[in-house]
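Reading through the structure tokens given below for one structure.
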Amino acid sequence: MASPQPPGTADIVTDTPGTVGVRFDVHGVLPIPDRERDCSPWELFWIWCGANIAPINWVLGALGIALGLSLFETLIVVVVGNLFGCAVFGLFNVIGHRTAVNQMVLGRSAFGITGAVLPAVIQGLLTMAWVGVNTWIVLDLVLAVLDQIGIRGGGELKVVVALVIMAVQLTLALYGFYAIRAFEKYTVPLTIAVMVTMTIVALARTHPDWTAATAVTPGEKITAITQLVTAIGVGWGLTWIPYAADYSRFARPKLRSRTVFWASAAGMYLPTVWLAALGACLASAGGGSDPSSLVVGAFGALAIPVLLLIMHGPIATNILNLYSCSLAALTIGIRIARWKITAFAGTVASMVLAVFINSSSFAHAFDNLMVSILMWISPWMSILLIDYFLVRRRTFSVPELYRDAATSVYGKFNTRGLVSLAAGLLASWSWQYGMVSAMQGPVAKALGNTDFSWLAGSLVAAGLYTILTAASPTRRAGGQPTVQ
């Protein structure tokens with residue numbers, strides 16, 4: 001289906017199918033033409049699997065033990081919670097596949113052409129910051145592993161490692177989707193092989209305690225469970241939703257929706273649960289929650305292959321951050337080539353990383369704040385689901401998403417969506433118990449430091465949007481080409 005160009009956007013010229021090697025991605029935020037949509041289900045699986053085989057999932061798995069839950073209780077939360085979170089993530093991949101439109105542009109239907117700028121700005125800023133956070137998280141771990149094999153260099157070595165990681169991930173992101181797909185496709189299976197070996201060695205060398213727990217009262221357990229659900233249970237799959245359609249829009253047009261759903265949901269679910277469970281097992285055996293202690297203590301001299309996994313994790317994750325950041329900027333209306341925006345995002349992320357390296361206390365505080373800021377995703381995604389499945393009934397005009405706000409059927413602002421988002425944000429903050437005091441809401445503190453931010457934000461935003469749209473039905477794109 002031909003789509004009108006956004007104002008100021010040059011016509012796309014793409015490589016012809018069958019080009020040898022990895023093509024340079026010249027696509028911006030326009031719908032991907034069918035001839036360019038050649039991503040297989042396995043390739044989609046590898047993209048999301050690679051993004052989640054990362055050390056941060058070990059730490060989040062160990063969090064359950066640190067919060068006072070037993071290993072058995074932690075595993076139940078991780079296994080069951082991610083069923084829901086990853087299922088919702090899979091739905092957003094299906095929407096991206098059906099429309100061939102990136103995630104932030106899809107938000108124009110619910111918030112208006114101009115109203116969708118706010119979520120896109122938030123997404124763009126978060127992705128840049130996450131690149132710095134993710135790279136910083138693994139640096140101490142890499143140094144600990146290198147120290148185990150006799151390589152020492154202090155701060156200078158940390159800078160060298162950081163530069164290498166940043167250079168590799170920026171190069172891949174600059175080249176675009178096709179390079180990202182190739183990187184994940186050919187490196188993730190090898191990384192999984194290393195991970196299997198790690199898991200066997202770790203479980204053979206440690207003795208997990210399945211029942212020991214420091215949270216003994218019902219109130220303490222409920223508090224710990226809600227906090228773990230938000231961090232690595234339901235919340236983990238939800239945090240990836242702003243990225244979903246950016247990649248599923250490249251999936252083959254003739255793929256069934258259920259195939260896209262399972263490829264993306266399983267790619268998210270399996271590594272997340274696997275690594276979180278391993279981190280919880282190591283922590284329950286007395287390894288603590290510090291990632292370097294977990295790795296060195298469990299693997300010792302076998303830390304060399306582990307280094308591959310550690311280095312791969314931030315690269316596989318951050319190339320998605322950098323690429324999606326450029327799409328968010330294009331959605332806002334910045335009229336610069338995608339690769340130039342990616343280069344700028346990489347520069348900003350490098351500056352964030354430099355600040356972290358020189359100030360670990362600030363880095364820890366900022367990391368906690370980043371996690372707290374993610375409370376916007378649950379109300380935002382619930383509004384999009386209601387808009388797509390109930391209001392639009394899986395039918396809306398893709399060309400209208402790219403028209404000028406003054407002429408588009410979706411208008412400049414969808415007040416109903418924006419009011420519902422604001423109410424959802426307030427509800428989310430009220431029942432959030434983050435590490436930063438400003439992100440500890442009154443409801444959360446009144447109810448024993450529980451954290452149901454994702455649920456409160458989702459229900460309030462979805463409920464209000466449903467009521468408001470029922471009272472004032474959204475105009476349909478009558479007479480315009482639609483996508484189901």
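Just so we're on the same page: first chain in the structure tokens is A, next is B, and so on; residues restart at 1 for each chain, and ligands are numbered from 1 in the order they show up.
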Would you kindly return, as an mmCIF file with all heavy atoms, in the first residue's frame, each protein, DNA or RNA residue with an atom no farther than 7 Å from any atom of Cys39 in chain A, considering only C-alpha atoms and excluding same-chain residues fewer than 4 positions away?
```
data_model
loop_
_atom_site.group_PDB
_atom_site.id
_atom_site.type_symbol
_atom_site.label_atom_id
_atom_site.label_comp_id
_atom_site.auth_asym_id
_atom_site.auth_seq_id
_atom_site.Cartn_x
_atom_site.Cartn_y
_atom_site.Cartn_z
ATOM 1 N N GLU A 43 14.311 -15.087 12.922
ATOM 2 C CA GLU A 43 15.105 -13.862 13.036
ATOM 3 C C GLU A 43 14.489 -12.899 14.031
ATOM 4 O O GLU A 43 15.207 -12.238 14.795
ATOM 5 C CB GLU A 43 15.242 -13.211 11.660
ATOM 6 C CG GLU A 43 16.154 -13.993 10.720
ATOM 7 C CD GLU A 43 16.093 -13.497 9.290
ATOM 8 O OE1 GLU A 43 15.059 -12.911 8.898
ATOM 9 O OE2 GLU A 43 17.077 -13.699 8.553
ATOM 10 N N LEU A 44 13.160 -12.812 14.060
ATOM 11 C CA LEU A 44 12.492 -11.981 15.061
ATOM 12 C C LEU A 44 12.736 -12.532 16.456
ATOM 13 O O LEU A 44 12.976 -11.778 17.412
ATOM 14 C CB LEU A 44 10.986 -11.932 14.763
ATOM 15 C CG LEU A 44 10.144 -10.947 15.581
ATOM 16 C CD1 LEU A 44 10.612 -9.515 15.365
ATOM 17 C CD2 LEU A 44 8.672 -11.080 15.222
ATOM 18 N N PHE A 250 9.156 -5.298 10.066
ATOM 19 C CA PHE A 250 9.961 -5.888 9.007
ATOM 20 C C PHE A 250 9.624 -7.362 8.763
ATOM 21 O O PHE A 250 10.175 -7.969 7.853
ATOM 22 C CB PHE A 250 11.456 -5.780 9.351
ATOM 23 C CG PHE A 250 12.024 -4.398 9.200
ATOM 24 C CD1 PHE A 250 12.069 -3.532 10.283
ATOM 25 C CD2 PHE A 250 12.518 -3.955 7.982
ATOM 26 C CE1 PHE A 250 12.599 -2.248 10.158
ATOM 27 C CE2 PHE A 250 13.056 -2.685 7.840
ATOM 28 C CZ PHE A 250 13.088 -1.819 8.931
ATOM 29 N N ALA A 251 8.755 -7.948 9.592
ATOM 30 C CA ALA A 251 8.419 -9.363 9.429
ATOM 31 C C ALA A 251 7.661 -9.591 8.126
ATOM 32 O O ALA A 251 6.920 -8.723 7.656
ATOM 33 C CB ALA A 251 7.586 -9.839 10.615
ATOM 34 N N ARG A 252 7.848 -10.739 7.547
ATOM 35 C CA ARG A 252 7.239 -11.063 6.259
ATOM 36 C C ARG A 252 5.730 -10.818 6.286
ATOM 37 O O ARG A 252 5.039 -11.276 7.200
ATOM 38 C CB ARG A 252 7.528 -12.517 5.899
ATOM 39 C CG ARG A 252 9.009 -12.800 5.668
ATOM 40 C CD ARG A 252 9.288 -14.273 5.565
ATOM 41 N NE ARG A 252 10.721 -14.538 5.400
ATOM 42 C CZ ARG A 252 11.269 -15.735 5.523
ATOM 43 N NH1 ARG A 252 10.513 -16.785 5.806
ATOM 44 N NH2 ARG A 252 12.573 -15.884 5.370
#
```
Item to check | 7 Å contact set for Gln432 in chain A, only C-alpha atoms, chain neighbours under 5 positions out, as a PyMOL selection string | outcome: chain A and resi 439-441+444+451-453
Item to check | Point-to-point distance from CA of Ile222 in chain A to CA of Gly68 in chain A, Å rounded to tenths | outcome: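 Distance between the two atoms: 10.6 Å.
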Checklist entry - Pick the closest to Leu309 in chain A from A:Pro189, A:Gly434, A:Gly463, A:Gly150: which is it, counting only C-alpha atoms? => result A:Pro189
Item to check | One-decimal distance in Å that lies between CA of Pro119 in chain A and CA of Asn449 in chain A | outcome: 28.0 Å
Checklist entry - Quick one: distance from CA of Tyr402 in chain A to CA of Pro33 in chain A in Å, one decimal? => result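 These atoms are spaced 15.0 Å apart.
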Checklist outcome for this item: Closest of A:Ala193, A:Ile467, A:Met104, A:Leu282 to Ala244 in chain A, counting only C-alpha atoms, is A:Met104
Next on the checklist: Measuring between only C-alpha atoms, which one of A:Asn134, A:Thr469, A:Thr395, A:Thr331 shows the shortest distance to Ile122 in chain A?
Outcome noted: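 Nearest to Ile122 in chain A: A:Thr331.
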Next on the checklist: When you count only C-alpha atoms, which of these residues is closest to Leu278 in chain A: A:Ile56, A:Val161, A:Val229, A:Met435?
Outcome noted: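 Nearest candidate to Leu278 in chain A out of A:Ile56, A:Val161, A:Val229, A:Met435: A:Ile56.
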Next on the checklist: I'd like to know which of A:Val105, A:Leu320, A:Leu146, A:Val29 is closest to Ala51 in chain A, using only C-alpha atoms.
Outcome noted: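 Under the stated criterion, the closest residue is A:Leu320.
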Next on the checklist: Can you pull out every residue from range 75-271 of chain A that DSSP, working from the backbone, puts in helix (DSSP H, G or I), and format the result as a ChimeraX atom specification?
Outcome noted: /A:75-99,103-106,108-111,117-148,154-175,177-205,218-232,234-239,241-248,257-271
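You can rank A:Leu174, A:Leu143, A:Ile192, A:Ile373 by their closest distance to Val159 in chain A using only C-alpha atoms, and at the top of that list sits A:Leu143.
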Checklist entry - Quick one: residues within 8 Å of range 265-275 of chain A, only C-alpha atoms counted, chain neighbours fewer than 2 positions away excluded, as a list in words? => result Leu44, Phe45, Trp46, Ile47, Trp48, Cys49, Asn52, Ile53, Ala54, Pro55, Asn57, Trp58, Gly61, Val78, Val79, Asn82, Leu83, Cys86, Ala87, Phe89, Gly90, Gly237, Phe261, Trp262, Ala263, Ala277, Leu278 and Gly279 of chain A
Can you spit out the residues from that selection as an mmCIF file, in the first residue's frame, using N, CA, C and O atoms?
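part_36.cif, written as the output of this step:
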```
data_model
loop_
_atom_site.group_PDB
_atom_site.id
_atom_site.type_symbol
_atom_site.label_atom_id
_atom_site.label_comp_id
_atom_site.auth_asym_id
_atom_site.auth_seq_id
_atom_site.Cartn_x
_atom_site.Cartn_y
_atom_site.Cartn_z
ATOM 1 N N LEU A 44 13.160 -12.812 14.060
ATOM 2 C CA LEU A 44 12.492 -11.981 15.061
ATOM 3 C C LEU A 44 12.736 -12.532 16.456
ATOM 4 O O LEU A 44 12.976 -11.778 17.412
ATOM 5 N N PHE A 45 12.695 -13.848 16.575
ATOM 6 C CA PHE A 45 12.981 -14.503 17.861
ATOM 7 C C PHE A 45 14.383 -14.159 18.343
ATOM 8 O O PHE A 45 14.585 -13.817 19.516
ATOM 9 N N TRP A 46 15.375 -14.248 17.431
ATOM 10 C CA TRP A 46 16.760 -13.991 17.842
ATOM 11 C C TRP A 46 16.963 -12.544 18.275
ATOM 12 O O TRP A 46 17.751 -12.267 19.185
ATOM 13 N N ILE A 47 16.252 -11.611 17.651
ATOM 14 C CA ILE A 47 16.382 -10.204 18.037
ATOM 15 C C ILE A 47 16.002 -10.015 19.500
ATOM 16 O O ILE A 47 16.748 -9.402 20.282
ATOM 17 N N TRP A 48 14.841 -10.547 19.890
ATOM 18 C CA TRP A 48 14.384 -10.335 21.263
ATOM 19 C C TRP A 48 15.105 -11.230 22.255
ATOM 20 O O TRP A 48 15.315 -10.845 23.403
ATOM 21 N N CYS A 49 15.501 -12.398 21.802
ATOM 22 C CA CYS A 49 16.275 -13.278 22.673
ATOM 23 C C CYS A 49 17.627 -12.646 22.999
ATOM 24 O O CYS A 49 18.049 -12.607 24.157
ATOM 25 N N ASN A 52 17.784 -9.880 25.584
ATOM 26 C CA ASN A 52 17.500 -10.217 26.980
ATOM 27 C C ASN A 52 18.461 -11.223 27.589
ATOM 28 O O ASN A 52 18.305 -11.600 28.746
ATOM 29 N N ILE A 53 19.447 -11.667 26.815
ATOM 30 C CA ILE A 53 20.528 -12.458 27.410
ATOM 31 C C ILE A 53 21.564 -11.464 27.915
ATOM 32 O O ILE A 53 22.590 -11.222 27.278
ATOM 33 N N ALA A 54 21.269 -10.855 29.023
ATOM 34 C CA ALA A 54 22.096 -9.763 29.545
ATOM 35 C C ALA A 54 22.277 -9.913 31.056
ATOM 36 O O ALA A 54 21.388 -10.417 31.745
ATOM 37 N N PRO A 55 23.418 -9.473 31.585
ATOM 38 C CA PRO A 55 23.699 -9.621 33.016
ATOM 39 C C PRO A 55 22.659 -8.980 33.926
ATOM 40 O O PRO A 55 22.478 -9.424 35.059
ATOM 41 N N ASN A 57 19.598 -9.267 33.921
ATOM 42 C CA ASN A 57 18.575 -10.224 34.299
ATOM 43 C C ASN A 57 19.044 -11.152 35.429
ATOM 44 O O ASN A 57 18.237 -11.661 36.194
ATOM 45 N N TRP A 58 20.355 -11.386 35.514
ATOM 46 C CA TRP A 58 20.861 -12.125 36.673
ATOM 47 C C TRP A 58 20.588 -11.330 37.952
ATOM 48 O O TRP A 58 20.125 -11.874 38.950
ATOM 49 N N GLY A 61 16.965 -11.250 38.884
ATOM 50 C CA GLY A 61 16.559 -12.530 39.454
ATOM 51 C C GLY A 61 17.019 -12.662 40.891
ATOM 52 O O GLY A 61 16.279 -13.162 41.754
ATOM 53 N N VAL A 78 8.719 -15.055 38.814
ATOM 54 C CA VAL A 78 9.383 -14.828 37.526
ATOM 55 C C VAL A 78 8.690 -15.606 36.412
ATOM 56 O O VAL A 78 8.412 -15.067 35.334
ATOM 57 N N VAL A 79 8.383 -16.874 36.667
ATOM 58 C CA VAL A 79 7.788 -17.729 35.634
ATOM 59 C C VAL A 79 6.368 -17.289 35.289
ATOM 60 O O VAL A 79 6.009 -17.140 34.118
ATOM 61 N N ASN A 82 6.007 -13.286 33.994
ATOM 62 C CA ASN A 82 6.442 -13.031 32.619
ATOM 63 C C ASN A 82 5.504 -13.616 31.579
ATOM 64 O O ASN A 82 5.538 -13.199 30.419
ATOM 65 N N LEU A 83 4.675 -14.576 31.966
ATOM 66 C CA LEU A 83 3.668 -15.075 31.022
ATOM 67 C C LEU A 83 2.754 -13.942 30.584
ATOM 68 O O LEU A 83 2.419 -13.813 29.411
ATOM 69 N N CYS A 86 5.054 -10.822 28.816
ATOM 70 C CA CYS A 86 5.538 -11.153 27.477
ATOM 71 C C CYS A 86 4.392 -11.371 26.500
ATOM 72 O O CYS A 86 4.553 -11.148 25.294
ATOM 73 N N ALA A 87 3.223 -11.806 27.002
ATOM 74 C CA ALA A 87 2.061 -11.956 26.131
ATOM 75 C C ALA A 87 1.601 -10.596 25.610
ATOM 76 O O ALA A 87 1.282 -10.441 24.423
ATOM 77 N N PHE A 89 3.483 -7.968 25.341
ATOM 78 C CA PHE A 89 4.546 -7.570 24.415
ATOM 79 C C PHE A 89 4.329 -8.211 23.046
ATOM 80 O O PHE A 89 4.491 -7.559 22.003
ATOM 81 N N GLY A 90 3.941 -9.480 23.017
ATOM 82 C CA GLY A 90 3.678 -10.164 21.762
ATOM 83 C C GLY A 90 2.550 -9.524 20.975
ATOM 84 O O GLY A 90 2.605 -9.449 19.740
ATOM 85 N N GLY A 237 8.486 -7.507 30.663
ATOM 86 C CA GLY A 237 7.961 -7.554 29.300
ATOM 87 C C GLY A 237 7.347 -6.232 28.873
ATOM 88 O O GLY A 237 7.482 -5.805 27.719
ATOM 89 N N PHE A 261 3.349 -13.465 17.000
ATOM 90 C CA PHE A 261 3.140 -13.392 18.452
ATOM 91 C C PHE A 261 4.091 -14.328 19.186
ATOM 92 O O PHE A 261 4.796 -13.920 20.117
ATOM 93 N N TRP A 262 4.116 -15.599 18.781
ATOM 94 C CA TRP A 262 4.928 -16.576 19.510
ATOM 95 C C TRP A 262 6.417 -16.341 19.312
ATOM 96 O O TRP A 262 7.212 -16.554 20.242
ATOM 97 N N ALA A 263 6.817 -15.896 18.137
ATOM 98 C CA ALA A 263 8.238 -15.635 17.897
ATOM 99 C C ALA A 263 8.760 -14.530 18.797
ATOM 100 O O ALA A 263 9.850 -14.623 19.380
ATOM 101 N N ALA A 277 16.158 -16.895 36.717
ATOM 102 C CA ALA A 277 16.170 -18.093 37.555
ATOM 103 C C ALA A 277 17.592 -18.458 37.964
ATOM 104 O O ALA A 277 17.856 -18.825 39.117
ATOM 105 N N LEU A 278 18.537 -18.326 37.024
ATOM 106 C CA LEU A 278 19.932 -18.625 37.350
ATOM 107 C C LEU A 278 20.459 -17.650 38.392
ATOM 108 O O LEU A 278 21.139 -18.053 39.352
ATOM 109 N N GLY A 279 20.156 -16.349 38.221
ATOM 110 C CA GLY A 279 20.598 -15.371 39.211
ATOM 111 C C GLY A 279 20.019 -15.643 40.582
ATOM 112 O O GLY A 279 20.706 -15.511 41.603
#
```
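If you count only C-alpha atoms and ignore residues fewer than 6 places along the chain from Ile165 in chain A, what sits within 9 Å of it is A:Thr135, A:Met311, A:His312, A:Pro314, A:Ile315.
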Can I get the selection written as a CSV table (one decimal), in the first residue's frame, with all heavy atoms?
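Heads up, here's the output in part25.csv:
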```csv
chain,number,residue,atom,x,y,z
A,135,THR,N,25.6,-0.1,29.5
A,135,THR,CA,27.0,-0.3,29.3
A,135,THR,C,27.8,-0.1,30.7
A,135,THR,O,28.7,-0.9,31.0
A,135,THR,CB,27.6,0.8,28.4
A,135,THR,OG1,26.9,0.7,27.1
A,135,THR,CG2,29.1,0.5,28.0
A,311,MET,N,30.0,-9.4,27.4
A,311,MET,CA,30.2,-8.3,26.4
A,311,MET,C,29.1,-8.3,25.4
A,311,MET,O,28.7,-7.2,24.9
A,311,MET,CB,31.5,-8.6,25.7
A,311,MET,CG,32.7,-8.5,26.6
A,311,MET,SD,33.1,-6.8,27.1
A,311,MET,CE,33.9,-6.2,25.6
A,312,HIS,N,28.5,-9.5,25.1
A,312,HIS,CA,27.4,-9.5,24.1
A,312,HIS,C,26.2,-8.9,24.6
A,312,HIS,O,25.5,-8.2,23.8
A,312,HIS,CB,27.1,-11.0,23.8
A,312,HIS,CG,26.0,-11.2,22.8
A,312,HIS,ND1,24.7,-11.3,23.2
A,312,HIS,CD2,26.0,-11.3,21.4
A,312,HIS,CE1,23.9,-11.4,22.1
A,312,HIS,NE2,24.7,-11.4,21.1
A,314,PRO,N,25.2,-6.1,26.6
A,314,PRO,CA,24.9,-4.7,26.4
A,314,PRO,C,24.9,-4.3,24.9
A,314,PRO,O,24.1,-3.5,24.5
A,314,PRO,CB,26.1,-4.0,27.1
A,314,PRO,CG,27.2,-5.0,27.2
A,314,PRO,CD,26.5,-6.3,27.3
A,315,ILE,N,25.7,-5.0,24.1
A,315,ILE,CA,25.7,-4.7,22.7
A,315,ILE,C,24.4,-5.1,22.1
A,315,ILE,O,23.7,-4.3,21.3
A,315,ILE,CB,26.9,-5.4,21.9
A,315,ILE,CG1,28.2,-4.8,22.4
A,315,ILE,CG2,26.7,-5.2,20.4
A,315,ILE,CD1,29.4,-5.5,21.9
```
